[in-house]
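Next up, coords-v4.cif (mmCIF, C-alpha atoms and all ligand atoms):
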```
data_structure
loop_
_atom_site.group_PDB
_atom_site.id
_atom_site.type_symbol
_atom_site.label_atom_id
_atom_site.label_comp_id
_atom_site.auth_asym_id
_atom_site.auth_seq_id
_atom_site.Cartn_x
_atom_site.Cartn_y
_atom_site.Cartn_z
ATOM 1 C CA MET I 22 147.336 -140.860 -131.341
ATOM 2 C CA ASP I 23 143.934 -140.797 -133.096
ATOM 3 C CA GLN I 24 140.734 -142.371 -131.770
ATOM 4 C CA ASP I 25 141.077 -145.479 -133.904
ATOM 5 C CA ALA I 26 144.631 -146.073 -132.682
ATOM 6 C CA MET I 27 143.347 -145.779 -129.076
ATOM 7 C CA LYS I 28 140.660 -148.392 -129.816
ATOM 8 C CA LYS I 29 143.314 -150.685 -131.269
ATOM 9 C CA ALA I 30 145.607 -150.190 -128.260
ATOM 10 C CA ALA I 31 142.760 -151.157 -125.898
ATOM 11 C CA ALA I 32 141.923 -154.215 -128.026
ATOM 12 C CA GLU I 33 145.564 -155.276 -128.028
ATOM 13 C CA ALA I 34 145.737 -155.054 -124.225
ATOM 14 C CA ALA I 35 142.742 -157.415 -123.993
ATOM 15 C CA LEU I 36 144.768 -160.182 -125.648
ATOM 16 C CA SER I 37 146.551 -160.695 -122.327
ATOM 17 C CA TYR I 38 143.302 -162.132 -120.861
ATOM 18 C CA ILE I 39 143.355 -165.036 -123.300
ATOM 19 C CA GLU I 40 144.498 -168.396 -122.022
ATOM 20 C CA ASN I 41 145.328 -171.455 -124.094
ATOM 21 C CA GLY I 42 142.325 -173.558 -125.137
ATOM 22 C CA MET I 43 139.738 -170.884 -124.319
ATOM 23 C CA ILE I 44 136.504 -170.346 -126.216
ATOM 24 C CA VAL I 45 136.207 -166.555 -126.391
ATOM 25 C CA GLY I 46 133.018 -164.473 -126.665
ATOM 26 C CA ILE I 47 133.406 -161.736 -129.255
ATOM 27 C CA GLY I 48 131.599 -158.399 -129.361
ATOM 28 C CA THR I 49 130.591 -156.138 -132.213
ATOM 29 C CA GLY I 50 131.769 -152.772 -133.538
ATOM 30 C CA SER I 51 134.978 -151.048 -134.577
ATOM 31 C CA THR I 52 136.880 -151.810 -131.351
ATOM 32 C CA ALA I 53 135.753 -155.447 -131.375
ATOM 33 C CA ASN I 54 136.875 -155.586 -135.022
ATOM 34 C CA HIS I 55 140.395 -154.591 -133.949
ATOM 35 C CA PHE I 56 140.274 -157.362 -131.364
ATOM 36 C CA ILE I 57 139.162 -159.887 -134.013
ATOM 37 C CA ASP I 58 141.980 -158.858 -136.338
ATOM 38 C CA LEU I 59 144.551 -159.149 -133.535
ATOM 39 C CA LEU I 60 143.085 -162.478 -132.427
ATOM 40 C CA ALA I 61 143.828 -163.836 -135.893
ATOM 41 C CA GLY I 62 147.529 -163.654 -135.012
ATOM 42 C CA ILE I 63 147.118 -166.047 -132.065
ATOM 43 C CA LYS I 64 144.191 -168.144 -133.313
ATOM 44 C CA ALA I 65 146.081 -171.420 -132.792
ATOM 45 C CA ARG I 66 145.985 -170.774 -129.025
ATOM 46 C CA ILE I 67 142.172 -170.735 -128.723
ATOM 47 C CA ASP I 68 139.559 -173.457 -129.287
ATOM 48 C CA GLY I 69 137.076 -171.134 -130.968
ATOM 49 C CA THR I 70 134.780 -168.171 -130.488
ATOM 50 C CA VAL I 71 131.111 -167.290 -130.022
ATOM 51 C CA ALA I 72 130.047 -164.165 -131.913
ATOM 52 C CA SER I 73 127.576 -161.474 -130.823
ATOM 53 C CA SER I 74 126.532 -160.603 -134.397
ATOM 54 C CA GLU I 75 126.455 -161.892 -137.944
ATOM 55 C CA ALA I 76 128.987 -159.178 -138.866
ATOM 56 C CA SER I 77 131.504 -160.330 -136.253
ATOM 57 C CA ALA I 78 130.922 -163.998 -137.177
ATOM 58 C CA GLN I 79 131.693 -163.176 -140.795
ATOM 59 C CA ARG I 80 134.882 -161.307 -139.881
ATOM 60 C CA LEU I 81 136.037 -164.140 -137.617
ATOM 61 C CA ARG I 82 135.419 -166.766 -140.312
ATOM 62 C CA GLY I 83 137.269 -164.553 -142.798
ATOM 63 C CA HIS I 84 140.347 -164.985 -140.592
ATOM 64 C CA GLY I 85 139.788 -168.757 -140.380
ATOM 65 C CA ILE I 86 138.756 -168.507 -136.710
ATOM 66 C CA PRO I 87 136.047 -171.066 -135.762
ATOM 67 C CA VAL I 88 132.670 -169.616 -134.690
ATOM 68 C CA LEU I 89 130.618 -171.877 -132.409
ATOM 69 C CA ASP I 90 126.998 -171.942 -131.225
ATOM 70 C CA LEU I 91 126.608 -170.726 -127.630
ATOM 71 C CA ASN I 92 124.237 -173.627 -126.945
ATOM 72 C CA SER I 93 126.978 -176.144 -127.661
ATOM 73 C CA VAL I 94 129.724 -174.562 -125.553
ATOM 74 C CA GLY I 95 128.096 -173.595 -122.237
ATOM 75 C CA GLN I 96 129.602 -170.917 -119.979
ATOM 76 C CA LEU I 97 132.325 -168.780 -121.586
ATOM 77 C CA PRO I 98 135.495 -167.918 -119.642
ATOM 78 C CA LEU I 99 135.951 -164.570 -121.410
ATOM 79 C CA TYR I 100 133.924 -162.023 -123.397
ATOM 80 C CA VAL I 101 135.589 -159.032 -125.071
ATOM 81 C CA ASP I 102 133.506 -156.159 -126.439
ATOM 82 C CA GLY I 103 133.370 -152.389 -126.889
ATOM 83 C CA ALA I 104 130.940 -149.816 -125.480
ATOM 84 C CA ASP I 105 129.336 -146.508 -126.386
ATOM 85 C CA GLU I 106 129.700 -145.132 -122.841
ATOM 86 C CA ALA I 107 131.327 -146.490 -119.690
ATOM 87 C CA THR I 108 131.499 -145.283 -116.074
ATOM 88 C CA ARG I 109 134.127 -145.936 -113.410
ATOM 89 C CA GLN I 110 131.650 -148.375 -111.831
ATOM 90 C CA LEU I 111 131.937 -150.293 -115.155
ATOM 91 C CA TYR I 112 128.297 -149.649 -116.071
ATOM 92 C CA LEU I 113 127.902 -149.354 -119.842
ATOM 93 C CA ILE I 114 125.665 -148.190 -122.649
ATOM 94 C CA LYS I 115 125.901 -150.520 -125.643
ATOM 95 C CA GLY I 116 124.014 -151.051 -128.858
ATOM 96 C CA GLY I 117 125.263 -148.244 -131.069
ATOM 97 C CA GLY I 118 125.797 -150.945 -133.689
ATOM 98 C CA GLY I 119 122.457 -152.606 -132.897
ATOM 99 C CA ALA I 120 123.950 -155.840 -131.533
ATOM 100 C CA LEU I 121 122.934 -155.292 -127.895
ATOM 101 C CA THR I 122 120.741 -158.375 -127.441
ATOM 102 C CA ARG I 123 123.322 -160.977 -128.421
ATOM 103 C CA GLU I 124 125.972 -158.907 -126.635
ATOM 104 C CA LYS I 125 123.970 -158.987 -123.406
ATOM 105 C CA ILE I 126 123.486 -162.742 -123.774
ATOM 106 C CA LEU I 127 127.234 -163.273 -124.153
ATOM 107 C CA ALA I 128 128.038 -160.912 -121.271
ATOM 108 C CA GLY I 129 125.587 -162.854 -119.094
ATOM 109 C CA ALA I 130 127.046 -166.193 -120.149
ATOM 110 C CA SER I 131 130.662 -165.189 -119.425
ATOM 111 C CA ASP I 132 132.813 -165.465 -116.320
ATOM 112 C CA ARG I 133 134.788 -162.339 -117.222
ATOM 113 C CA PHE I 134 133.608 -159.435 -119.375
ATOM 114 C CA VAL I 135 136.488 -157.282 -120.603
ATOM 115 C CA CYS I 136 135.268 -154.032 -122.152
ATOM 116 C CA VAL I 137 137.620 -152.267 -124.579
ATOM 117 C CA ALA I 138 137.206 -148.649 -125.667
ATOM 118 C CA ASP I 139 138.982 -145.404 -126.391
ATOM 119 C CA GLY I 140 139.149 -142.914 -123.537
ATOM 120 C CA SER I 141 136.390 -140.687 -124.945
ATOM 121 C CA LYS I 142 133.840 -143.326 -123.886
ATOM 122 C CA LEU I 143 134.489 -142.737 -120.168
ATOM 123 C CA VAL I 144 131.697 -140.638 -118.587
ATOM 124 C CA ASN I 145 130.616 -139.667 -115.084
ATOM 125 C CA TYR I 146 126.970 -140.564 -115.774
ATOM 126 C CA LEU I 147 125.419 -142.624 -118.558
ATOM 127 C CA GLY I 148 122.898 -141.103 -120.934
ATOM 128 C CA LYS I 149 124.459 -138.500 -123.186
ATOM 129 C CA PHE I 150 124.690 -141.224 -125.823
ATOM 130 C CA PRO I 151 121.086 -142.032 -126.886
ATOM 131 C CA LEU I 152 120.090 -145.291 -125.196
ATOM 132 C CA PRO I 153 119.401 -148.092 -127.720
ATOM 133 C CA LEU I 154 116.403 -150.349 -127.043
ATOM 134 C CA GLU I 155 115.733 -153.411 -129.195
ATOM 135 C CA VAL I 156 111.972 -153.674 -129.660
ATOM 136 C CA ILE I 157 109.572 -156.173 -131.264
ATOM 137 C CA PRO I 158 108.317 -154.379 -134.430
ATOM 138 C CA MET I 159 104.583 -154.510 -133.539
ATOM 139 C CA ALA I 160 105.291 -152.870 -130.162
ATOM 140 C CA ARG I 161 107.275 -149.959 -131.610
ATOM 141 C CA SER I 162 104.620 -147.242 -131.129
ATOM 142 C CA PHE I 163 103.449 -148.544 -127.760
ATOM 143 C CA VAL I 164 106.989 -148.643 -126.357
ATOM 144 C CA ALA I 165 107.671 -145.178 -127.776
ATOM 145 C CA ARG I 166 104.571 -143.795 -125.975
ATOM 146 C CA GLU I 167 105.692 -145.406 -122.708
ATOM 147 C CA LEU I 168 109.071 -143.691 -123.077
ATOM 148 C CA VAL I 169 107.519 -140.303 -123.845
ATOM 149 C CA LYS I 170 105.483 -140.647 -120.605
ATOM 150 C CA ARG I 171 108.859 -140.857 -118.821
ATOM 151 C CA GLY I 172 110.035 -137.590 -120.414
ATOM 152 C CA ALA I 173 112.264 -139.286 -122.991
ATOM 153 C CA ARG I 174 112.461 -138.788 -126.756
ATOM 154 C CA PRO I 175 112.618 -142.092 -128.645
ATOM 155 C CA VAL I 176 113.796 -142.050 -132.265
ATOM 156 C CA LEU I 177 113.312 -145.043 -134.550
ATOM 157 C CA ARG I 178 116.614 -146.108 -136.148
ATOM 158 C CA ASP I 179 115.469 -145.700 -139.717
ATOM 159 C CA GLY I 180 115.906 -148.613 -142.123
ATOM 160 C CA PHE I 181 117.681 -150.758 -139.529
ATOM 161 C CA THR I 182 116.706 -154.321 -138.581
ATOM 162 C CA THR I 183 118.627 -156.277 -135.951
ATOM 163 C CA ASP I 184 120.061 -159.761 -136.470
ATOM 164 C CA ASN I 185 116.958 -160.931 -134.561
ATOM 165 C CA GLY I 186 114.477 -159.232 -136.927
ATOM 166 C CA ASN I 187 113.586 -156.396 -134.558
ATOM 167 C CA VAL I 188 113.825 -152.582 -134.601
ATOM 168 C CA ILE I 189 115.909 -150.170 -132.508
ATOM 169 C CA LEU I 190 114.607 -147.123 -130.686
ATOM 170 C CA ASP I 191 117.400 -144.671 -129.794
ATOM 171 C CA VAL I 192 116.196 -142.927 -126.649
ATOM 172 C CA HIS I 193 117.274 -139.325 -126.008
ATOM 173 C CA ASN I 194 116.785 -137.200 -122.872
ATOM 174 C CA LEU I 195 116.934 -140.031 -120.351
ATOM 175 C CA GLU I 196 118.539 -139.328 -116.990
ATOM 176 C CA ILE I 197 120.333 -142.486 -115.989
ATOM 177 C CA MET I 198 121.128 -141.738 -112.357
ATOM 178 C CA GLU I 199 120.313 -145.283 -111.212
ATOM 179 C CA PRO I 200 121.403 -147.574 -114.050
ATOM 180 C CA VAL I 201 120.337 -150.912 -112.528
ATOM 181 C CA ALA I 202 116.877 -149.601 -111.587
ATOM 182 C CA LEU I 203 116.278 -148.024 -115.003
ATOM 183 C CA GLU I 204 117.527 -151.108 -116.849
ATOM 184 C CA THR I 205 115.064 -153.210 -114.845
ATOM 185 C CA GLU I 206 112.170 -150.761 -115.329
ATOM 186 C CA LEU I 207 112.604 -150.421 -119.104
ATOM 187 C CA ASN I 208 113.035 -154.183 -119.478
ATOM 188 C CA MET I 209 109.537 -154.597 -118.068
ATOM 189 C CA ILE I 210 107.790 -152.608 -120.821
ATOM 190 C CA PRO I 211 106.074 -155.265 -122.974
ATOM 191 C CA GLY I 212 107.719 -155.440 -126.387
ATOM 192 C CA VAL I 213 111.169 -154.378 -125.184
ATOM 193 C CA VAL I 214 113.597 -157.165 -126.005
ATOM 194 C CA THR I 215 116.778 -155.627 -124.615
ATOM 195 C CA VAL I 216 117.825 -152.366 -122.954
ATOM 196 C CA GLY I 217 121.265 -151.028 -123.900
ATOM 197 C CA ILE I 218 122.170 -150.327 -120.252
ATOM 198 C CA PHE I 219 124.622 -152.984 -119.054
ATOM 199 C CA ALA I 220 124.432 -152.463 -115.289
ATOM 200 C CA ALA I 221 122.770 -155.537 -113.779
ATOM 201 C CA ARG I 222 125.684 -157.368 -115.405
ATOM 202 C CA PRO I 223 128.398 -154.692 -115.746
ATOM 203 C CA ALA I 224 131.867 -155.215 -117.215
ATOM 204 C CA ASP I 225 134.479 -156.802 -114.950
ATOM 205 C CA VAL I 226 137.386 -154.952 -116.532
ATOM 206 C CA LEU I 227 137.447 -151.722 -118.555
ATOM 207 C CA ILE I 228 140.469 -151.141 -120.784
ATOM 208 C CA LEU I 229 140.738 -147.607 -122.148
ATOM 209 C CA GLY I 230 143.125 -146.510 -124.875
ATOM 210 C CA THR I 231 144.163 -142.901 -124.181
ATOM 211 C CA ALA I 232 146.765 -140.431 -125.433
ATOM 212 C CA GLU I 233 148.739 -141.183 -122.236
ATOM 213 C CA GLY I 234 148.637 -144.936 -122.817
ATOM 214 C CA VAL I 235 146.337 -147.816 -121.904
ATOM 215 C CA LYS I 236 144.468 -147.548 -118.600
ATOM 216 C CA THR I 237 142.700 -150.458 -116.910
ATOM 217 C CA LEU I 238 139.831 -150.142 -114.428
ATOM 218 C CA SER I 239 138.314 -153.057 -112.524
HETATM 219 O O1 LIG N 301 126.040 -152.760 -130.911
HETATM 220 C C1 LIG N 301 127.213 -152.396 -130.866
HETATM 221 C C2 LIG N 301 128.074 -152.481 -129.707
HETATM 222 O O2 LIG N 301 127.427 -152.312 -128.483
HETATM 223 C C3 LIG N 301 129.412 -151.762 -129.767
HETATM 224 O O3 LIG N 301 130.238 -152.429 -128.849
HETATM 225 C C4 LIG N 301 129.382 -150.303 -129.423
HETATM 226 O O4 LIG N 301 128.466 -149.627 -130.261
HETATM 227 C C5 LIG N 301 130.769 -149.651 -129.522
HETATM 228 O O5 LIG N 301 131.200 -149.651 -130.840
HETATM 229 P P1 LIG N 301 132.610 -149.083 -131.285
HETATM 230 O O6 LIG N 301 133.639 -150.029 -130.755
HETATM 231 O O7 LIG N 301 132.529 -149.093 -132.791
HETATM 232 O O8 LIG N 301 132.754 -147.698 -130.733
#
```

Could you write out this structure as structure tokens?
Ligand SMILES: O=C[C@H](O)[C@H](O)[C@H](O)COP(=O)(O)O
Amino acid sequence: MDQDAMKKAAAEAALSYIENGMIVGIGTGSTANHFIDLLAGIKARIDGTVASSEASAQRLRGHGIPVLDLNSVGQLPLYVDGADEATRQLYLIKGGGGALTREKILAGASDRFVCVADGSKLVNYLGKFPLPLEVIPMARSFVARELVKRGARPVLRDGFTTDNGNVILDVHNLEIMEPVALETELNMIPGVVTVGIFAARPADVLILGTAEGVKTLS
């Protein structure tokens, strides 16, 4: 089974968390895209979705699935999204696709966050994957200097602008031994909009597609 098939298997397993009449939060990326495509097959069962990116909104609408404004729907019962890294404690790194801010909003506004990924995303410690930070453009250099002071190596994601009009710094060489503490610390640097560590609000369920089948951690 190749990596894409493992992503699809994890996305398919997440369908079992859907209940009739739900409004479902939808993530961004290749695994979330599998989930969107599978959701199309049962779209009559749900009352709509809230999307974490323009790209996901477009894909959902392409399937004729309604996309609603978070402000008009309140708390979401379920949010399904991928991750770049995940630990057994269900701490995540997200933002490889640059959608981390809206993803963190939806995770925060959801009762249950189901993370779907292929097995290669499971790690003992976060941080091998460069940590994405969404940053206000005028603060780019300042935030980068603050990160260098902490021994990290920030790299501007060249030519990329987020759905919110900001830039992404991909931060290498960060030791993430205490994910909640580091998420909080980096969030406090002026100009940082969102840190790609999802630890203060981790996933509730992690579904991994592996060569031995689908594994669920919670
Ligand atoms: O900004 C993007 C998201 O955080 C994605 O969920 C993450 O990058 C994982 O993407 P993929 O499912 O394509 O591996």

Between atom CA of I:Leu152 and atom CA of I:Leu190 lies a distance of 8.0 Å

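Taking atom CA of I:Glu206 as the reference point, atom CA of I:Ile114 is found at 15.6 Å.
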
Which residues, named as in the file, does the PyMOL selection byres (((chain I and resi 209-223) around 9) and not hetatm) pick out? Answer as a count of residues only. 40

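Shortest atom-to-atom contact with ligand LIG 301 (chain N) among I:Lys29, I:Thr70, I:Gly118, I:Arg82: I:Gly118, counting all atoms listed in the file.
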
Mind dumping a table of every chain I residue within 8 Å of ligand LIG 301 (chain N), with the nearest atom pair and its distance in Å to one decimal, using only C-alpha atoms and all ligand atoms, sorted by chain and rising number, as CSV?
```
residue,atom,partner,partner_atom,distance
I:Lys28,CA,N:LIG301,O6,7.3
I:Gly48,CA,N:LIG301,O3,6.1
I:Thr49,CA,N:LIG301,O3,5.0
I:Gly50,CA,N:LIG301,O7,3.8
I:Ser51,CA,N:LIG301,O7,3.6
I:Thr52,CA,N:LIG301,O6,3.7
I:Ala53,CA,N:LIG301,O6,5.8
I:Asn54,CA,N:LIG301,O6,7.7
I:Asp102,CA,N:LIG301,O3,5.5
I:Gly103,CA,N:LIG301,O3,3.7
I:Ala104,CA,N:LIG301,C5,4.0
I:Asp105,CA,N:LIG301,C5,4.7
I:Ile114,CA,N:LIG301,O2,7.4
I:Lys115,CA,N:LIG301,O2,3.7
I:Gly116,CA,N:LIG301,O1,3.4
I:Gly117,CA,N:LIG301,O4,3.6
I:Gly118,CA,N:LIG301,O1,3.3
I:Gly119,CA,N:LIG301,O1,4.1
I:Ala120,CA,N:LIG301,O1,3.8
I:Leu121,CA,N:LIG301,O1,5.0
I:Glu124,CA,N:LIG301,O2,7.0
I:Val137,CA,N:LIG301,O6,7.7
I:Ala138,CA,N:LIG301,O6,6.4
I:Asp139,CA,N:LIG301,O8,7.9
I:Gly217,CA,N:LIG301,O2,7.8
```

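Using the PyMOL selection byres (((chain I and resi 37) around 12) and not hetatm) on this structure selects Ala31, Ala32, Glu33, Ala34, Ala35, Leu36, Tyr38, Ile39, Glu40, Asn41, Phe56, Leu59, Leu60, Ile63, Leu99, Val101, Val135 and Ile228 of chain I.
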
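When only C-alpha atoms are used to compute distances to I:Leu229, the closest of the residues I:Leu89, I:Ala78, I:Ala107, I:Met22 turns out to be I:Ala107.
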
Who sits within 9 Å of I:Ala232, all atoms listed in the file, same chain under 2 positions skipped, as a PDB file with C-alpha atoms, keeping the file's coordinate frame:
```
ATOM      1  CA  MET I  22     147.336-140.860-131.341  1.00  0.00           C
ATOM      2  CA  ASP I  23     143.934-140.797-133.096  1.00  0.00           C
ATOM      3  CA  GLN I  24     140.734-142.371-131.770  1.00  0.00           C
ATOM      4  CA  MET I  27     143.347-145.779-129.076  1.00  0.00           C
ATOM      5  CA  GLY I 140     139.149-142.914-123.537  1.00  0.00           C
ATOM      6  CA  GLY I 230     143.125-146.510-124.875  1.00  0.00           C
ATOM      7  CA  GLY I 234     148.637-144.936-122.817  1.00  0.00           C
ATOM      8  CA  VAL I 235     146.337-147.816-121.904  1.00  0.00           C
TER       9      VAL I 235
END
```

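Of the residues under consideration (I:Arg66, I:Cys136, I:Ile44, I:Ile57), I:Ile44 shows the shortest atom-to-atom contact distance to I:Val94 when counting only C-alpha atoms.
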
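The coordinates place atom CA of I:Pro98 at 19.1 Å from atom CA of I:Thr237.
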
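Proximity ranking of I:Val192, I:Leu227, I:Ala72, I:Ile126 relative to I:Arg174 places I:Val192 first, based on only C-alpha atoms.
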
Please produce stretch 76-100 of chain I, completed to N, CA and C atoms, as a short mmCIF file (atom, residue, chain, number, x, y, z; two decimals), in the frame of the given file.
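Written out: out_36.cif:
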```
data_model
loop_
_atom_site.label_atom_id
_atom_site.label_comp_id
_atom_site.auth_asym_id
_atom_site.auth_seq_id
_atom_site.Cartn_x
_atom_site.Cartn_y
_atom_site.Cartn_z
N ALA I 76 127.82 -159.91 -138.33
CA ALA I 76 128.99 -159.18 -138.87
C ALA I 76 130.29 -159.67 -138.24
N SER I 77 130.28 -159.85 -136.91
CA SER I 77 131.50 -160.33 -136.25
C SER I 77 131.79 -161.78 -136.65
N ALA I 78 130.73 -162.59 -136.77
CA ALA I 78 130.92 -164.00 -137.18
C ALA I 78 131.59 -164.06 -138.55
N GLN I 79 131.13 -163.20 -139.44
CA GLN I 79 131.69 -163.18 -140.79
C GLN I 79 133.17 -162.77 -140.77
N ARG I 80 133.49 -161.77 -139.96
CA ARG I 80 134.88 -161.31 -139.88
C ARG I 80 135.78 -162.39 -139.28
N LEU I 81 135.26 -163.06 -138.25
CA LEU I 81 136.04 -164.14 -137.62
C LEU I 81 136.30 -165.26 -138.62
N ARG I 82 135.26 -165.67 -139.34
CA ARG I 82 135.42 -166.77 -140.31
C ARG I 82 136.38 -166.36 -141.43
N GLY I 83 136.35 -165.07 -141.77
CA GLY I 83 137.27 -164.55 -142.80
C GLY I 83 138.73 -164.74 -142.41
N HIS I 84 138.98 -164.76 -141.09
CA HIS I 84 140.35 -164.98 -140.59
C HIS I 84 140.61 -166.47 -140.34
N GLY I 85 139.61 -167.32 -140.64
CA GLY I 85 139.79 -168.76 -140.38
C GLY I 85 139.66 -169.10 -138.90
N ILE I 86 138.97 -168.24 -138.15
CA ILE I 86 138.76 -168.51 -136.71
C ILE I 86 137.40 -169.19 -136.56
N PRO I 87 137.33 -170.36 -135.90
CA PRO I 87 136.05 -171.07 -135.76
C PRO I 87 135.03 -170.27 -134.94
N VAL I 88 133.78 -170.27 -135.41
CA VAL I 88 132.67 -169.62 -134.69
C VAL I 88 131.69 -170.70 -134.27
N LEU I 89 131.43 -170.79 -132.96
CA LEU I 89 130.62 -171.88 -132.41
C LEU I 89 129.27 -171.34 -131.93
N ASP I 90 128.34 -172.28 -131.73
CA ASP I 90 127.00 -171.94 -131.22
C ASP I 90 127.06 -171.91 -129.69
N LEU I 91 126.57 -170.84 -129.10
CA LEU I 91 126.61 -170.73 -127.63
C LEU I 91 125.98 -171.94 -126.96
N ASN I 92 124.93 -172.49 -127.55
CA ASN I 92 124.24 -173.63 -126.94
C ASN I 92 125.13 -174.87 -126.85
N SER I 93 126.14 -174.94 -127.68
CA SER I 93 126.98 -176.14 -127.66
C SER I 93 128.25 -175.97 -126.83
N VAL I 94 128.47 -174.76 -126.30
CA VAL I 94 129.72 -174.56 -125.55
C VAL I 94 129.53 -174.24 -124.06
N GLY I 95 128.31 -173.90 -123.66
CA GLY I 95 128.10 -173.60 -122.24
C GLY I 95 128.70 -172.26 -121.82
N GLN I 96 129.07 -172.16 -120.54
CA GLN I 96 129.60 -170.92 -119.98
C GLN I 96 130.92 -170.54 -120.66
N LEU I 97 131.09 -169.25 -120.95
CA LEU I 97 132.32 -168.78 -121.59
C LEU I 97 133.27 -168.23 -120.51
N PRO I 98 134.56 -168.49 -120.64
CA PRO I 98 135.50 -167.92 -119.64
C PRO I 98 135.72 -166.42 -119.85
N LEU I 99 135.57 -165.95 -121.09
CA LEU I 99 135.95 -164.57 -121.41
C LEU I 99 135.08 -164.01 -122.53
N TYR I 100 134.66 -162.75 -122.35
CA TYR I 100 133.92 -162.02 -123.40
C TYR I 100 134.60 -160.67 -123.57
#
```
